[in-house]
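Everything on this sheet refers to the single structure shown next.
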Amino acid sequence: MQRRGGSGKPVKGQRHNAIRRKARKALTPPTSIAELREQLDRRTRERDEALEQQAATVEVLKVISSSSFDLPKVLNSLVEAAARLCEADTAQILRPTGKDGSYYTAASYRLTPDFKEHAQTRTLTPGRGTLVGRVLLERKSLQISDVFADPEYTSGEAARLGGWRTILGVPLLREGILIGLLILHRAAVRPFTDKQTELIEAFAAQAVIAIENTRLLNELRESFQQQTATADVLRVISSSPGELQPVFETIASRSVALCGATYGVVFRFDGELISVVAAHNLDQAAMDTLNRQFPMRPDRERSLLGQVTMERSILHIRDVAAEHRYTFAKALGIRSFLGVPMLRDGNLIGGIALYRRKVELFSDRQIELVKAFAAQSLIAIDSARLLNDLNKLNQQLEQRVTDQVSEIERMGRLRRFLPPQVADLIVASGAEKQLESHRREITALFCDLRGFTGFSESSDPEDVIALLREYHAAIGEIINTYGGTLERYAGDGVMVVFNDPIPVDNPALQAVQMALEMRTAIGALTEKWRRLGHEIGFGIGVAHGFATLGTIGFEGRFDYAAIGTVSNVASRLCDEAKPGQILISPRVLMAVEKDVTVELVGDFALKGIRRPLTAYNVLHTKAAD
C-alpha cells in the first residue's frame, strides 16, 4: 500500500517513482510468449476499463446537461454508473434534509427493501460508529474493509439489512460545505482499490455539479416566479387605481401559492377594529367562522391578528397548537402561522397573514416575499389617496421593467453568436430584423484541430475538456477582435462568417487576416501540447459566396446559421488542410491577392461539390515580406 498525502492520493515523489518503475517494466522485453500474452491481456483490460469509464462519464455528463431540472434522474444515473464501474453491489447518494442532522436517500442502486425501511428512521451524525459518521467527521473519502471486523463500527443492523461487508464513502463538498455523500457497498469482503476510489471521487464531483446546477436553476426559477408575482401585483395596482379589493385578493392568492401556505388573508386596521378584506383558499366553513369573528377589537390573548396588530411586528409561530391561547386558530386546525404588518410612519394600517395546517416554519425568502407584498399593499392604499401621481409613476415603472426585460432578452440572444460590440450595436439600433432569414454574400471560415479525435479517445475526459477550453479561449478572443459572427462550434470544429449581420468592406480579407492570427496563436498552443506528448495540428478553410442566413432553433435556444454551398466549401477545404495550412478558394484569392502571399496547393474533388476546386495556401501578408 502506498503512503498517501492529505488528499488521499500518493505523494508526488512516490507517484513519480511508481511511474518510472512502470516505464522500466514496460521497456523490459518479455522472456517468454506467456509473459507477452500476459502483458497484452493486462493492457487490453486497462484499455477496456478506461474506455468504459470514459463512456460512463460522458453518459453522465449528457444526462446532467439534458436534465437540468430532473436532479433525481441525474443522481440515479450517476450512482448506477459508479456502482457498475467499481463493481459495487449496492450504492446510494445521501442528502441532508436540513433538520436535526437527518439524511435522506436522494438516489440509490439495488438497495434492499429492508434497508430502505430501516434507513427512513435513521439520524446520521459525525462519529466513529458508522462510515457515514466518519466521513461527516473527517470530510474525506474513507472505507471500511469489513464492517463486522471493525471494532468501532456499531451499525451492524444496517449492514445486515443491507447485505454488505465492505463500504466506501465519498463526501460531496461544495466550497468546503458538505451537501451529501456517495456510498458504495460490497456484499463480500473486498476493499475498493485506490483507482476505484479516485473514480468515485470524480463521480462525486459530477454529483456536486448536478446538485449545484439544480440549486441555482431552482433559485432562478423561484426568483422569476416571485418577480412575476410582484409584477402581477404592480400591474393590478396600476390598472385599478383607487380599487383596493383586486389588489388585496391578488396579494392573498400570490402569497399562498408562492409560500406554500394552506390559506391566507389580508386584513385592515382603522385604529379600532380589525377587518379581513381578502382571503384565499378558505373553505366555506372557515369563511363562516371568519365572518363571525371579524370585525373585532385587537386582543393578543385570543387572536393571532390581534397580536400582530398590537405588537406591530412580524409574528412567526412554528406550532400554534403548542400555545394555550389562540382558541380561534386552533378551531380552524392551524399549526404554523406567519403575520406581517403593514406600517406607514410607524402606524399599523393592516397586514398579511399566512396559515399552514402542518408544522413547518416559513423560510427567510418567503418572509421577505410577504414583506414585499406588504409594502405593495401600502402602495395600493396610498394610491387611493394619491391617485393621479401614483398612476403616472406606475405607468413609467411598468414601461421601464418591460424595456429592461426586453433588452436583457435581446442581449442574451445576440451575445450567443455575435461579438459584444456588434450585439450592443444591433440592440442600440433596434435592427434585429437583420437576423431574420435573408440571402447575402459572405465569407465563411471553418477551422478545427488535426489529430483531436485520436487524442480524445486516448485521454482522460478532464484533459480533453481542459484542452478544448484553452483552444476555444484562444480563438474566441480573436473572433471578437475581428468582428466575426460565430455561426457554430462543435467540439474542436468552429465556423465563423463575415459580412453578416454587420456589413464588412472586404469580408474575405478580414477572414484571411483572422486566420493568420489564429494560426499564430494556435501554433504556440500546439507546440505546448506537443511537449506534453499530444500530436495535434490546426487547419483552416476559407470560402466566399452566397448563403441564406438567419436564426434557427426554438424559444429559449436560438442559433444563427448560414446555409449554402459556401459553408460546405469552407468545411471541405478545412478537411483537406494539413496542419498549419490556410486553404482558400479562388474567389477568396481574388479578394486578397494584393495583400497576402499564397502558394498553389492543387485541385481537390470536394464531397458535395460537382467540379474540382483549386485551393491555395496562405503563407503570410505581403507587409511581412
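Residue numbers start at 1 in each chain; chains themselves are named A, B, ... in the order of the C-alpha cells; ligands are numbered from 1 in the order shown.
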
Query - Shell of 7 Å around A:Pro341, only C-alpha atoms, local chain residues under 4 positions omitted, as a list in words - result: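 The residues satisfying every condition are Val308, Arg312, Ser313, Ile314, Leu348, Gly350, Gly351 and Ile352 of chain A.
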
Query raised in the report: Excluding same-chain residues fewer than 6 positions from A:Gly133, what lies within 10 Å of it counting only C-alpha atoms, as a list in words?
Result: Leu124, Thr125, Pro126, Gly127, Arg139 and Gly169 of chain A

Output file for the selection above: all heavy atoms, as a PDB file, in the first residue's frame:
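What follows is the written file result02.pdb:
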ATOM      1  N   LEU A 124     -28.145  10.600  11.136  1.00  0.00           N
ATOM      2  CA  LEU A 124     -26.713  10.378  10.994  1.00  0.00           C
ATOM      3  C   LEU A 124     -25.955  11.595  11.503  1.00  0.00           C
ATOM      4  O   LEU A 124     -26.221  12.711  11.080  1.00  0.00           O
ATOM      5  CB  LEU A 124     -26.372  10.107   9.524  1.00  0.00           C
ATOM      6  CG  LEU A 124     -27.152   8.952   8.887  1.00  0.00           C
ATOM      7  CD1 LEU A 124     -26.889   8.896   7.392  1.00  0.00           C
ATOM      8  CD2 LEU A 124     -26.758   7.633   9.539  1.00  0.00           C
ATOM      9  N   THR A 125     -25.028  11.361  12.397  1.00  0.00           N
ATOM     10  CA  THR A 125     -24.230  12.443  12.978  1.00  0.00           C
ATOM     11  C   THR A 125     -22.752  12.064  12.904  1.00  0.00           C
ATOM     12  O   THR A 125     -22.414  10.880  12.776  1.00  0.00           O
ATOM     13  CB  THR A 125     -24.616  12.690  14.446  1.00  0.00           C
ATOM     14  OG1 THR A 125     -24.473  11.455  15.182  1.00  0.00           O
ATOM     15  CG2 THR A 125     -26.058  13.167  14.552  1.00  0.00           C
ATOM     16  N   PRO A 126     -21.840  13.059  12.965  1.00  0.00           N
ATOM     17  CA  PRO A 126     -20.410  12.746  12.939  1.00  0.00           C
ATOM     18  C   PRO A 126     -20.032  11.817  14.085  1.00  0.00           C
ATOM     19  O   PRO A 126     -20.478  11.976  15.221  1.00  0.00           O
ATOM     20  CB  PRO A 126     -19.741  14.115  13.082  1.00  0.00           C
ATOM     21  CG  PRO A 126     -20.765  15.084  12.580  1.00  0.00           C
ATOM     22  CD  PRO A 126     -22.091  14.508  12.973  1.00  0.00           C
ATOM     23  N   GLY A 127     -19.193  10.804  13.808  1.00  0.00           N
ATOM     24  CA  GLY A 127     -18.758   9.862  14.824  1.00  0.00           C
ATOM     25  C   GLY A 127     -18.083   8.675  14.196  1.00  0.00           C
ATOM     26  O   GLY A 127     -18.094   8.494  12.971  1.00  0.00           O
ATOM     27  N   ARG A 139     -14.501  14.599   6.630  1.00  0.00           N
ATOM     28  CA  ARG A 139     -14.703  15.307   5.355  1.00  0.00           C
ATOM     29  C   ARG A 139     -13.748  14.814   4.264  1.00  0.00           C
ATOM     30  O   ARG A 139     -13.207  15.600   3.490  1.00  0.00           O
ATOM     31  CB  ARG A 139     -14.521  16.820   5.544  1.00  0.00           C
ATOM     32  CG  ARG A 139     -15.446  17.444   6.570  1.00  0.00           C
ATOM     33  CD  ARG A 139     -16.890  17.368   6.102  1.00  0.00           C
ATOM     34  NE  ARG A 139     -17.807  18.002   7.046  1.00  0.00           N
ATOM     35  CZ  ARG A 139     -18.189  19.269   6.955  1.00  0.00           C
ATOM     36  NH1 ARG A 139     -17.751  20.017   5.968  1.00  0.00           N
ATOM     37  NH2 ARG A 139     -19.026  19.782   7.837  1.00  0.00           N
ATOM     38  N   GLY A 169     -17.154   5.400   1.338  1.00  0.00           N
ATOM     39  CA  GLY A 169     -17.926   6.647   1.421  1.00  0.00           C
ATOM     40  C   GLY A 169     -17.104   7.822   0.912  1.00  0.00           C
ATOM     41  O   GLY A 169     -15.948   7.982   1.288  1.00  0.00           O
TER      42      GLY A 169
END

Report task. Name the residues of stretch 137-233 of chain A that fall into helix (DSSP H, G or I) according to DSSP on the backbone, using the chain letters and numbers of this document, as a VMD selection string. Result -> chain A and resid 137 to 138 147 to 149 156 to 162 194 to 233

Report task. Would you please give, as a count of residues only, all residues of stretch 552-622 of chain A that DSSP assigns to strand (DSSP E) based on the backbone? Result -> 31

Requested in this report: Pick out the closest residue to A:His185 from this set: A:Arg128, A:Ile317, A:Ala91, A:Glu157. Count only C-alpha atoms.
Outcome: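 Among A:Arg128, A:Ile317, A:Ala91, A:Glu157, it is A:Ala91 that comes nearest to A:His185.
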
Query raised in the report: Excluding same-chain residues fewer than 4 positions from A:Leu619, what lies within 8 Å of it counting only C-alpha atoms, as a list in words?
Result: Ile582, Val596, Thr597, Val598 and Glu599 of chain A

Query raised in the report: Between atom CA of A:Lys622 and atom CA of A:Thr526, what is the distance, to one decimal in Å?
Result: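 Distance reported for this atom pair: 25.2 Å.
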
Requested in this report: Might you pull out every residue within 12 Å of A:Val504, with only C-alpha atoms counted and same-chain residues fewer than 5 positions away left off, and present them as a list in words?
Outcome: Arg440, Glu441, Ile442, Thr443, Tyr482, Gly483, Gly484, Thr485, Val497, Phe498, Asn499, Leu509, Gln510 and Ala511 of chain A

**Report entry** Residue neighbourhood stretch 467-479 of chain A, 7 Å, only C-alpha atoms, exclusion window fewer than 4 positions, as JSON, numbers by chain
**Finding:** {"A": [463, 483, 484, 492, 514, 518, 521]}

Please produce a file of the residues just selected, as a PDB file, in the first residue's frame, where the atoms kept are C-alpha atoms.
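Output contents, as saved in out_12.pdb:
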ATOM      1  CA  ASP A 463      -7.696  16.556 -20.202  1.00  0.00           C
ATOM      2  CA  GLY A 483     -15.826  41.188 -35.590  1.00  0.00           C
ATOM      3  CA  GLY A 484     -16.671  37.708 -36.861  1.00  0.00           C
ATOM      4  CA  ASP A 492     -12.922  21.333 -31.964  1.00  0.00           C
ATOM      5  CA  MET A 514      -8.103  36.493 -38.752  1.00  0.00           C
ATOM      6  CA  MET A 518      -5.420  32.188 -35.385  1.00  0.00           C
ATOM      7  CA  ALA A 521      -1.948  31.738 -31.667  1.00  0.00           C
TER       8      ALA A 521
END

Query raised in the report: What separation in Å, quoted to one decimal, exists between atom CA of A:Leu613 and atom CA of A:Ala444?
Result: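 Spanning atom CA of A:Leu613 to atom CA of A:Ala444 is a straight-line distance of 16.0 Å.
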
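If only C-alpha atoms are the atoms counted, then among A:Arg400, A:Arg572, A:Arg356, A:His620 the closest residue to A:Ala515 is A:His620.
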
Query raised in the report: atom CA of A:Glu576 and atom CA of A:Pro612, how far apart in Å?
Result: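 Calculated distance between atom CA of A:Pro612 and atom CA of A:Glu576 is 12.9 Å.
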
Query raised in the report: Any idea what's packed within 12 Å of stretch 297-307 of chain A, counting only C-alpha atoms, ignoring anything in its chain fewer than 5 positions away? Could you give it as a ChimeraX atom specification?
Result: /A:264-276,290,312-317,320,323-331,334-341,348,350-355

Report task. Quick one: everything within 9 Å of A:Ile200, counting only C-alpha atoms, minus sequence neighbours fewer than 5 positions away in the same chain. Send it as a list in words. Result -> Ala82, Ala83, Cys86, Val170, Leu182, Leu184, Lys195 and Ala205 of chain A

Keeping only N, CA and C atoms, write the selected residues to a file as a short mmCIF file (atom, residue, chain, number, x, y, z; two decimals), in the first residue's frame.
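So result_8.cif came out as:
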data_model
loop_
_atom_site.label_atom_id
_atom_site.label_comp_id
_atom_site.auth_asym_id
_atom_site.auth_seq_id
_atom_site.Cartn_x
_atom_site.Cartn_y
_atom_site.Cartn_z
N ALA A 82 -21.51 4.60 -11.24
CA ALA A 82 -20.42 4.46 -10.27
C ALA A 82 -20.37 3.04 -9.72
N ALA A 83 -21.54 2.48 -9.38
CA ALA A 83 -21.59 1.12 -8.84
C ALA A 83 -21.13 0.10 -9.88
N CYS A 86 -17.25 0.31 -10.54
CA CYS A 86 -16.41 -0.07 -9.41
C CYS A 86 -16.82 -1.41 -8.80
N VAL A 170 -17.71 8.65 0.07
CA VAL A 170 -17.05 9.82 -0.51
C VAL A 170 -17.93 11.04 -0.24
N LEU A 182 -21.68 10.00 -1.25
CA LEU A 182 -21.83 8.90 -2.20
C LEU A 182 -21.28 7.65 -1.52
N LEU A 184 -20.84 3.36 -1.53
CA LEU A 184 -20.84 2.12 -2.29
C LEU A 184 -20.65 0.95 -1.33
N LYS A 195 -7.53 3.21 -7.35
CA LYS A 195 -8.03 3.68 -8.65
C LYS A 195 -9.54 3.81 -8.63
N ALA A 205 -17.69 14.51 -7.71
CA ALA A 205 -17.56 15.89 -8.20
C ALA A 205 -18.65 16.20 -9.22
#

Requested in this report: Would you please work out which residue, of A:Ser458, A:Asn347, A:Thr214, A:Ser102, is nearest to A:His534 when using only C-alpha atoms?
Outcome: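 Closest to A:His534, using only C-alpha atoms: A:Ser458.
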
Query - Given only C-alpha atoms as the counted atoms, nearest of A:Met495, A:Ala543, A:Ile379, A:Leu532 to A:Arg344 - result: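 Among A:Met495, A:Ala543, A:Ile379, A:Leu532, it is A:Ile379 that comes nearest to A:Arg344.
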